[in-house]
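Everything below belongs to entry_27.cif, which stores mmCIF, C-alpha atoms.
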```
data_protein
loop_
_atom_site.label_atom_id
_atom_site.label_comp_id
_atom_site.auth_asym_id
_atom_site.auth_seq_id
_atom_site.Cartn_x
_atom_site.Cartn_y
_atom_site.Cartn_z
CA MET A 1 -8.62 36.78 21.59
CA ASN A 2 -8.58 34.31 24.44
CA VAL A 3 -11.71 32.56 23.15
CA LEU A 4 -10.22 32.27 19.66
CA TRP A 5 -6.96 30.84 20.96
CA ASN A 6 -8.96 28.41 23.07
CA LEU A 7 -11.00 27.30 20.03
CA PHE A 8 -7.87 26.75 17.98
CA TRP A 9 -6.13 24.82 20.75
CA VAL A 10 -9.06 22.55 21.67
CA PHE A 11 -9.73 21.59 18.05
CA ALA A 12 -6.03 21.03 17.39
CA LYS A 13 -6.09 18.65 20.36
CA ILE A 14 -9.11 16.84 18.93
CA GLY A 15 -7.32 16.64 15.56
CA VAL A 16 -4.25 15.00 17.14
CA MET A 17 -6.30 12.44 19.00
CA THR A 18 -8.54 11.45 16.12
CA PHE A 19 -7.47 8.57 13.95
CA GLY A 20 -9.56 8.29 10.82
CA GLY A 21 -11.99 11.16 11.25
CA GLY A 22 -15.76 10.93 10.98
CA TYR A 23 -17.39 8.92 13.71
CA ALA A 24 -14.03 8.08 15.26
CA MET A 25 -14.05 11.70 16.39
CA LEU A 26 -17.34 11.51 18.25
CA PRO A 27 -16.06 10.35 21.68
CA MET A 28 -13.40 13.09 21.67
CA LEU A 29 -15.96 15.75 20.78
CA GLN A 30 -18.27 14.55 23.52
CA ARG A 31 -15.53 14.78 26.11
CA GLU A 32 -13.91 18.05 25.07
CA ILE A 33 -16.77 20.10 23.62
CA VAL A 34 -19.78 18.84 25.58
CA GLU A 35 -18.40 17.85 28.98
CA ASN A 36 -15.29 20.01 29.47
CA LYS A 37 -16.06 23.22 27.60
CA HIS A 38 -19.87 23.18 27.41
CA TRP A 39 -19.63 24.70 23.93
CA ALA A 40 -22.46 22.51 22.62
CA THR A 41 -24.95 19.93 23.85
CA GLU A 42 -24.90 16.25 22.93
CA GLU A 43 -27.90 16.80 20.64
CA GLU A 44 -26.23 19.71 18.87
CA ILE A 45 -23.16 17.59 18.16
CA MET A 46 -25.37 14.87 16.66
CA ASP A 47 -27.10 17.52 14.53
CA TYR A 48 -23.76 18.87 13.33
CA PHE A 49 -22.72 15.35 12.39
CA ALA A 50 -25.92 14.70 10.49
CA ILE A 51 -25.54 17.96 8.57
CA GLY A 52 -21.82 17.31 8.07
CA GLN A 53 -22.67 14.02 6.38
CA CYS A 54 -24.95 15.66 3.89
CA THR A 55 -22.94 18.78 3.11
CA PRO A 56 -19.76 19.11 1.08
CA GLY A 57 -16.43 18.52 2.68
CA ILE A 58 -14.85 16.80 5.63
CA ILE A 59 -17.21 16.04 8.52
CA ALA A 60 -14.62 16.89 11.17
CA VAL A 61 -14.04 20.31 9.60
CA ASN A 62 -17.78 20.93 9.30
CA THR A 63 -18.29 20.18 13.00
CA ALA A 64 -15.41 22.47 13.99
CA THR A 65 -16.85 25.30 11.89
CA PHE A 66 -20.25 24.87 13.54
CA VAL A 67 -18.92 24.91 17.11
CA GLY A 68 -16.55 27.81 16.42
CA GLN A 69 -19.27 29.83 14.71
CA LYS A 70 -21.55 29.37 17.70
CA GLN A 71 -18.87 30.66 20.08
CA LYS A 72 -17.39 33.55 18.15
CA GLY A 73 -19.18 34.10 14.86
CA ILE A 74 -17.48 33.80 11.47
CA THR A 75 -13.98 34.33 12.87
CA GLY A 76 -14.61 31.60 15.44
CA GLY A 77 -15.73 29.20 12.71
CA ILE A 78 -12.60 29.86 10.67
CA VAL A 79 -10.24 29.60 13.65
CA ALA A 80 -11.74 26.31 14.88
CA SER A 81 -11.46 24.85 11.36
CA LEU A 82 -7.82 25.88 11.11
CA GLY A 83 -7.28 24.29 14.52
CA ILE A 84 -8.54 20.90 13.45
CA VAL A 85 -6.36 20.76 10.31
CA PHE A 86 -3.22 22.09 12.02
CA PRO A 87 -1.98 18.73 13.39
CA SER A 88 -2.46 17.04 9.98
CA LEU A 89 -0.37 19.74 8.34
CA VAL A 90 2.52 19.28 10.75
CA ILE A 91 2.43 15.48 11.08
CA ILE A 92 1.88 14.65 7.40
CA SER A 93 4.49 17.16 6.22
CA LEU A 94 7.10 15.62 8.53
CA LEU A 95 6.13 12.08 7.61
CA ALA A 96 5.88 12.73 3.88
CA GLY A 97 9.41 14.15 3.95
CA VAL A 98 10.72 11.03 5.69
CA ILE A 99 8.86 8.65 3.37
CA GLU A 100 10.08 10.45 0.25
CA ALA A 101 13.65 10.19 1.55
CA PHE A 102 13.41 6.41 2.05
CA SER A 103 11.08 5.49 -0.79
CA HIS A 104 13.91 4.23 -3.01
CA LEU A 105 14.76 1.38 -0.60
CA THR A 106 13.58 -2.03 -1.78
CA TRP A 107 12.08 -3.10 1.52
CA VAL A 108 10.13 0.14 1.84
CA GLN A 109 8.69 -0.49 -1.61
CA HIS A 110 7.75 -4.03 -0.61
CA ALA A 111 6.09 -2.75 2.56
CA PHE A 112 3.98 -0.31 0.55
CA GLY A 113 3.19 -3.10 -1.93
CA GLY A 114 1.56 -4.94 0.96
CA VAL A 115 -0.05 -1.82 2.34
CA ARG A 116 -1.73 -1.01 -0.99
CA ILE A 117 -3.47 -4.40 -0.86
CA CYS A 118 -4.78 -3.41 2.53
CA VAL A 119 -6.08 -0.13 1.08
CA CYS A 120 -8.16 -2.15 -1.41
CA VAL A 121 -9.79 -4.03 1.46
CA LEU A 122 -10.32 -0.86 3.51
CA ILE A 123 -12.06 0.87 0.60
CA LEU A 124 -14.19 -2.23 0.01
CA ASN A 125 -15.22 -2.23 3.69
CA ALA A 126 -16.10 1.48 3.52
CA VAL A 127 -18.19 0.95 0.39
CA VAL A 128 -20.12 -1.92 1.98
CA LYS A 129 -20.88 0.23 5.03
CA LEU A 130 -22.02 3.23 2.98
CA TYR A 131 -23.98 1.01 0.58
CA LYS A 132 -26.20 -0.26 3.39
CA LYS A 133 -27.26 3.29 4.25
CA ALA A 134 -27.45 4.73 0.73
CA VAL A 135 -29.05 1.97 -1.33
CA VAL A 136 -32.57 1.63 0.04
CA ASP A 137 -34.64 0.72 -3.06
CA LYS A 138 -34.46 -0.06 -6.78
CA ALA A 139 -33.91 3.56 -7.81
CA THR A 140 -30.99 4.12 -5.45
CA PHE A 141 -29.51 0.78 -6.56
CA ALA A 142 -29.73 1.95 -10.18
CA ILE A 143 -28.02 5.25 -9.31
CA PHE A 144 -25.26 3.39 -7.47
CA LEU A 145 -24.66 1.00 -10.37
CA ILE A 146 -24.75 3.66 -13.09
CA VAL A 147 -22.36 5.97 -11.22
CA ALA A 148 -19.97 3.16 -10.22
CA LEU A 149 -19.72 1.76 -13.77
CA GLY A 150 -19.83 5.16 -15.44
CA SER A 151 -17.07 6.55 -13.26
CA PHE A 152 -14.93 3.40 -13.67
CA LEU A 153 -15.28 3.12 -17.44
CA LEU A 154 -15.61 6.73 -18.61
CA ASP A 155 -13.12 9.52 -18.23
CA LEU A 156 -15.56 11.95 -16.62
CA SER A 157 -15.09 14.25 -13.63
CA PRO A 158 -16.84 13.04 -10.44
CA VAL A 159 -18.41 16.51 -10.28
CA ILE A 160 -20.69 15.59 -13.18
CA PHE A 161 -21.97 12.49 -11.38
CA VAL A 162 -22.57 14.41 -8.13
CA LEU A 163 -24.56 17.17 -9.84
CA GLY A 164 -26.47 14.64 -11.97
CA ALA A 165 -27.39 12.51 -8.96
CA ALA A 166 -28.70 15.52 -7.02
CA ILE A 167 -30.98 16.45 -9.93
CA VAL A 168 -32.14 12.84 -10.42
CA GLY A 169 -32.83 12.54 -6.66
CA ILE A 170 -35.06 15.62 -6.68
CA ALA A 171 -36.81 14.56 -9.90
CA LEU A 172 -37.55 11.03 -8.63
CA LYS A 173 -38.94 12.28 -5.33
CA GLN A 174 -41.05 14.92 -7.09
CA MET A 175 -42.59 12.28 -9.38
CA GLU A 176 -43.21 10.03 -6.39
CA GLY A 177 -44.95 12.93 -4.61
CA ARG A 178 -47.20 13.55 -7.59
CA LYS A 179 -48.33 9.92 -7.72
CA ASN A 180 -49.48 9.94 -4.10
CA MET B 1 0.75 28.79 -11.69
CA LEU B 2 1.01 25.48 -9.85
CA TYR B 3 -0.23 26.66 -6.46
CA LEU B 4 -3.30 28.33 -7.90
CA ARG B 5 -4.19 25.12 -9.74
CA LEU B 6 -3.53 23.13 -6.56
CA PHE B 7 -5.89 25.33 -4.58
CA TRP B 8 -8.55 25.14 -7.27
CA GLU B 9 -8.38 21.32 -7.61
CA PHE B 10 -8.79 20.88 -3.86
CA PHE B 11 -11.48 23.55 -3.66
CA LYS B 12 -13.47 21.46 -6.15
CA THR B 13 -12.80 18.32 -4.10
CA GLY B 14 -13.99 20.03 -0.91
CA LEU B 15 -17.08 21.33 -2.64
CA PHE B 16 -18.24 18.10 -4.28
CA ALA B 17 -16.95 15.28 -2.05
CA ILE B 18 -19.96 14.46 0.07
CA GLY B 19 -19.95 12.12 3.06
CA GLY B 20 -16.50 12.25 4.62
CA GLY B 21 -12.87 11.34 3.96
CA MET B 22 -13.28 8.34 1.65
CA ALA B 23 -15.47 10.46 -0.63
CA THR B 24 -12.41 12.53 -1.58
CA ILE B 25 -10.69 9.50 -3.16
CA PRO B 26 -12.51 9.60 -6.53
CA PHE B 27 -11.61 13.29 -6.81
CA LEU B 28 -7.96 12.61 -6.05
CA TYR B 29 -8.00 9.96 -8.78
CA ASP B 30 -9.36 12.55 -11.14
CA ILE B 31 -6.61 15.01 -10.14
CA SER B 32 -3.97 12.31 -10.69
CA ALA B 33 -5.28 11.58 -14.19
CA ALA B 34 -5.74 15.23 -15.14
CA THR B 35 -2.48 16.69 -13.84
CA GLY B 36 0.04 13.84 -13.51
CA TRP B 37 1.23 15.36 -10.21
CA PHE B 38 1.29 11.89 -8.64
CA THR B 39 0.62 8.33 -9.80
CA ARG B 40 -2.17 5.95 -8.81
CA ASN B 41 0.29 3.96 -6.75
CA ASP B 42 1.38 7.13 -4.95
CA LEU B 43 -2.26 7.76 -4.17
CA ALA B 44 -2.79 4.30 -2.66
CA ASN B 45 0.30 4.83 -0.48
CA MET B 46 -1.08 8.19 0.63
CA ILE B 47 -4.41 6.64 1.58
CA ALA B 48 -2.59 4.16 3.81
CA VAL B 49 -0.46 6.84 5.47
CA SER B 50 -3.52 9.07 5.95
CA GLU B 51 -5.40 6.23 7.64
CA SER B 52 -2.47 5.50 9.95
CA THR B 53 -1.82 9.01 11.20
CA PRO B 54 -3.85 11.33 13.44
CA GLY B 55 -6.34 13.71 11.87
CA PRO B 56 -9.27 13.40 9.47
CA ILE B 57 -8.39 11.22 6.45
CA GLY B 58 -9.55 13.75 3.86
CA VAL B 59 -7.42 16.50 5.39
CA ASN B 60 -4.39 14.22 5.69
CA MET B 61 -4.65 13.26 2.03
CA ALA B 62 -4.92 16.86 0.90
CA THR B 63 -1.86 17.77 2.95
CA TYR B 64 0.05 14.79 1.56
CA VAL B 65 -0.83 15.45 -2.08
CA GLY B 66 0.01 19.14 -1.67
CA PHE B 67 3.33 18.27 -0.06
CA VAL B 68 4.38 15.80 -2.76
CA THR B 69 3.26 18.09 -5.58
CA GLY B 70 5.11 21.09 -4.14
CA MET B 71 8.18 18.96 -3.46
CA ASN B 72 8.41 17.66 -7.05
CA GLU B 73 8.23 21.18 -8.39
CA TYR B 74 10.07 23.41 -5.89
CA GLY B 75 11.83 21.26 -3.25
CA THR B 76 11.27 21.26 0.52
CA ALA B 77 10.09 24.85 0.97
CA GLY B 78 7.71 24.40 -1.93
CA ALA B 79 6.47 21.19 -0.35
CA ILE B 80 5.34 22.86 2.86
CA LEU B 81 3.62 25.67 0.96
CA GLY B 82 1.95 23.05 -1.24
CA ALA B 83 0.68 21.15 1.82
CA LEU B 84 -0.76 24.36 3.26
CA ILE B 85 -2.42 25.48 0.02
CA ALA B 86 -4.01 22.10 -0.77
CA THR B 87 -5.39 21.82 2.77
CA LEU B 88 -6.80 25.36 2.72
CA GLY B 89 -8.29 24.68 -0.70
CA LEU B 90 -10.04 21.60 0.66
CA ILE B 91 -11.54 23.26 3.73
CA THR B 92 -12.49 26.65 2.23
CA PRO B 93 -15.76 25.47 0.62
CA CYS B 94 -16.72 23.44 3.73
CA VAL B 95 -16.21 26.42 6.00
CA ILE B 96 -18.19 28.76 3.74
CA VAL B 97 -21.06 26.28 3.31
CA ILE B 98 -21.31 25.60 7.05
CA LEU B 99 -21.18 29.28 7.97
CA VAL B 100 -24.13 29.86 5.62
CA ILE B 101 -26.03 26.83 6.94
CA ALA B 102 -25.38 27.82 10.56
CA ALA B 103 -27.24 31.04 9.81
CA ILE B 104 -30.27 29.20 8.43
CA LEU B 105 -29.88 25.93 10.35
CA LYS B 106 -33.48 25.02 10.92
CA SER B 107 -34.82 25.72 7.46
CA PHE B 108 -31.91 23.79 5.92
CA ARG B 109 -32.58 20.59 7.88
CA ASP B 110 -36.26 20.68 7.02
CA ASN B 111 -35.85 21.71 3.40
CA ARG B 112 -37.63 19.31 1.08
CA TYR B 113 -35.32 19.84 -1.88
CA VAL B 114 -32.21 19.23 0.22
CA ASN B 115 -33.59 15.90 1.43
CA GLN B 116 -34.66 14.91 -2.07
CA ALA B 117 -31.25 15.74 -3.50
CA PHE B 118 -29.60 13.53 -0.90
CA TYR B 119 -31.76 10.61 -1.88
CA GLY B 120 -29.77 10.63 -5.14
CA LEU B 121 -26.45 11.91 -3.75
CA ARG B 122 -25.88 9.12 -1.21
CA PRO B 123 -25.87 6.21 -3.68
CA ALA B 124 -23.90 8.31 -6.20
CA SER B 125 -21.20 9.08 -3.65
CA THR B 126 -21.03 5.37 -2.75
CA GLY B 127 -20.79 4.50 -6.46
CA LEU B 128 -17.90 6.93 -6.97
CA ILE B 129 -15.96 5.43 -4.08
CA ALA B 130 -16.68 1.92 -5.40
CA ALA B 131 -15.28 2.89 -8.81
CA ALA B 132 -12.15 4.36 -7.22
CA GLY B 133 -11.77 1.19 -5.14
CA LEU B 134 -12.06 -0.90 -8.30
CA SER B 135 -9.27 1.13 -9.91
CA VAL B 136 -7.04 0.62 -6.87
CA MET B 137 -7.75 -3.12 -7.06
CA VAL B 138 -7.02 -3.38 -10.78
CA SER B 139 -3.66 -1.62 -10.41
CA ASN B 140 -2.62 -3.68 -7.38
CA LEU B 141 -4.15 -7.12 -7.80
CA LEU B 142 -3.28 -7.48 -11.49
CA PHE B 143 0.15 -7.08 -13.06
CA GLU B 144 0.35 -4.61 -15.90
CA GLY B 145 1.31 -5.82 -19.38
CA GLN B 146 0.54 -9.48 -18.65
CA THR B 147 -2.38 -11.59 -19.76
CA GLY B 148 -4.24 -14.62 -18.40
CA LEU B 149 -3.03 -16.31 -15.23
CA ALA B 150 0.34 -14.56 -15.37
CA SER B 151 -1.37 -11.24 -14.75
CA ILE B 152 -2.79 -12.28 -11.40
CA ASN B 153 -0.97 -11.03 -8.31
CA TRP B 154 -1.45 -14.22 -6.25
CA LYS B 155 0.33 -12.97 -3.15
CA GLY B 156 -1.82 -9.86 -3.25
CA TRP B 157 -5.05 -11.82 -3.58
CA ILE B 158 -4.16 -14.10 -0.69
CA LEU B 159 -3.31 -11.12 1.54
CA ALA B 160 -6.53 -9.36 0.47
CA VAL B 161 -8.68 -12.37 1.36
CA VAL B 162 -6.93 -12.78 4.73
CA LEU B 163 -7.40 -9.07 5.51
CA TRP B 164 -11.04 -9.18 4.45
CA LEU B 165 -11.68 -12.14 6.74
CA LEU B 166 -9.81 -10.49 9.65
CA SER B 167 -11.68 -7.18 9.27
CA ASN B 168 -15.15 -8.64 8.67
CA LYS B 169 -15.50 -12.22 9.89
CA VAL B 170 -13.06 -13.01 12.70
CA LYS B 171 -14.71 -11.92 15.94
CA LYS B 172 -11.49 -11.10 17.77
CA THR B 173 -10.07 -8.83 15.06
CA LYS B 174 -12.99 -7.30 13.18
CA GLY B 175 -13.39 -4.25 15.43
CA LEU B 176 -9.72 -3.32 15.29
CA HIS B 177 -8.53 0.02 13.95
CA PRO B 178 -7.43 0.04 10.27
CA ILE B 179 -3.90 0.94 11.41
CA VAL B 180 -3.52 -2.64 12.71
CA PHE B 181 -4.36 -4.12 9.32
CA ILE B 182 -2.08 -1.64 7.57
CA GLY B 183 0.74 -2.65 9.92
CA ILE B 184 0.16 -6.35 9.25
CA SER B 185 0.17 -5.68 5.50
CA ALA B 186 3.42 -3.72 5.64
CA VAL B 187 5.13 -6.61 7.44
CA ALA B 188 3.60 -9.14 5.00
CA GLY B 189 4.80 -6.96 2.11
CA VAL B 190 8.39 -7.02 3.34
CA VAL B 191 8.39 -10.73 4.28
CA PHE B 192 6.84 -11.91 0.99
CA SER B 193 8.48 -9.27 -1.27
CA MET B 194 5.23 -7.86 -2.59
#
```

Before we go any further, please render this structure as structure tokens.
Amino acid sequence: MNVLWNLFWVFAKIGVMTFGGGYAMLPMLQREIVENKHWATEEEIMDYFAIGQCTPGIIAVNTATFVGQKQKGITGGIVASLGIVFPSLVIISLLAGVIEAFSHLTWVQHAFGGVRICVCVLILNAVVKLYKKAVVDKATFAIFLIVALGSFLLDLSPVIFVLGAAIVGIALKQMEGRKN
Amino acid sequence: MLYLRLFWEFFKTGLFAIGGGMATIPFLYDISAATGWFTRNDLANMIAVSESTPGPIGVNMATYVGFVTGMNEYGTAGAILGALIATLGLITPCVIVILVIAAILKSFRDNRYVNQAFYGLRPASTGLIAAAGLSVMVSNLLFEGQTGLASINWKGWILAVVLWLLSNKVKKTKGLHPIVFIGISAVAGVVFSM
């Protein structure tokens, strides 16, 4: 029981202190999980991150599940994951309530008008960063372009593109392997 | 049943959004179009709030969407239940997948098919986010129902260029946390009536 409570609490703490998720979380994980609690080594955390990036879902949640599972099996994995989302639930619920209450005010609408412009730039920055890692040759460039245009112009679920790209990735690599 | 649908939509998002918080955006767009629970503008506001508050962005957005959806349908109590259900929906597939992988960790990392699939998945995920970004730009940098020069949101374009320069080119500001740029934009929005 004590271990589970500890898992929940430590990951809730990490959740509160992380702005933005992903790699922003790394320094916190190193301090809390590696140095203070000795729940995982530095290398294990890097492994969890690498796997988190190439598995479905939120990287922060994936890492929490890994560490929790290692400490206390399936229950530990679930409890640590609930811990990391707990602060978001509380903070966003409070904030969303406040924002909804004030959203009719003109100046609040103007503020969000400006903020939405910023969101455009933030998404653009994220795309540029991901693009550098993902687009490594002509084939990956083609996949990027087809998915970007297809998703923008057609009314298709992203699920279709994700499944299609996985199959195309395997097929391309298989053909490449046969040539060599 | 609204909550069942909410759970299912976020379960799908958690299962197919690969590569972190931003990867959930195209799925949220899809939910907005398919259900009408919230508008595209709502979504852009939520992204900004999620970036400016503690916690992983993807989780924050799920909580926010769940809250707003529950609120519109059943009021405050419904809102909190909605936030909880959307968030649990999002993390359920991640937790299951990781618990399975943790059991077979080594063979997963070295699996040829997994690596090959990701060769295609990474650019696809980037493409999906680019398309969602393009949609956000169209609905915020162009005015609806106008044509030609009248349709261009000049104030928006100027702010966008300034923000892009600050976050990419200006040495002193380019490493700053997104929350700083969001703050600047909120002030600019009020001052210039955007």

| task | Give me the result of the PyMOL selection byres ((chain B and resi 156) around 8) on this file, residue by residue, as a ChimeraX atom specification. | result | /A:114,117 /B:140-141,153-155,157-160,194

Those selected residues, please, written with C-alpha atoms and delivered as a compact mmCIF listing (two decimals), keeping the file's coordinate frame.
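Output saved as out_7.txt:
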```
# COMPACT_ATOMS: atom_id res chain seq x y z
CA GLY A 114 1.56 -4.94 0.96
CA ILE A 117 -3.47 -4.40 -0.86
CA ASN B 140 -2.62 -3.68 -7.38
CA LEU B 141 -4.15 -7.12 -7.80
CA ASN B 153 -0.97 -11.03 -8.31
CA TRP B 154 -1.45 -14.22 -6.25
CA LYS B 155 0.33 -12.97 -3.15
CA TRP B 157 -5.05 -11.82 -3.58
CA ILE B 158 -4.16 -14.10 -0.69
CA LEU B 159 -3.31 -11.12 1.54
CA ALA B 160 -6.53 -9.36 0.47
CA MET B 194 5.23 -7.86 -2.59
```

| query | Using the chain letters and numbers from the file, which residues does the PyMOL selection byres ((chain B) within 6 of (chain A)) grab, as number ranges by chain? | reply | B: 14-20, 44, 51, 54-57, 60, 63, 94, 116-117, 119-124, 127-128, 130-131, 133, 137, 160, 182, 185-186, 189-190, 193-194

| query | Restricting the calculation to all atoms listed in the file, which member of B:Leu105, B:Ile152, B:Gly89, B:Trp37 is positioned closest to A:Glu44? | reply |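 Result for the nearest residue to A:Glu44: B:Leu105.
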
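Our summary of the geometry notes that atom CA of B:Leu28 is positioned 10.6 Å from atom CA of B:Met46.
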
| Counting only C-alpha atoms, the residue of B:Val170, B:Val136, B:Leu6, B:Ile179 that sits nearest B:Leu90 |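 The shortest atom-to-atom distance to B:Leu90 comes from B:Leu6.
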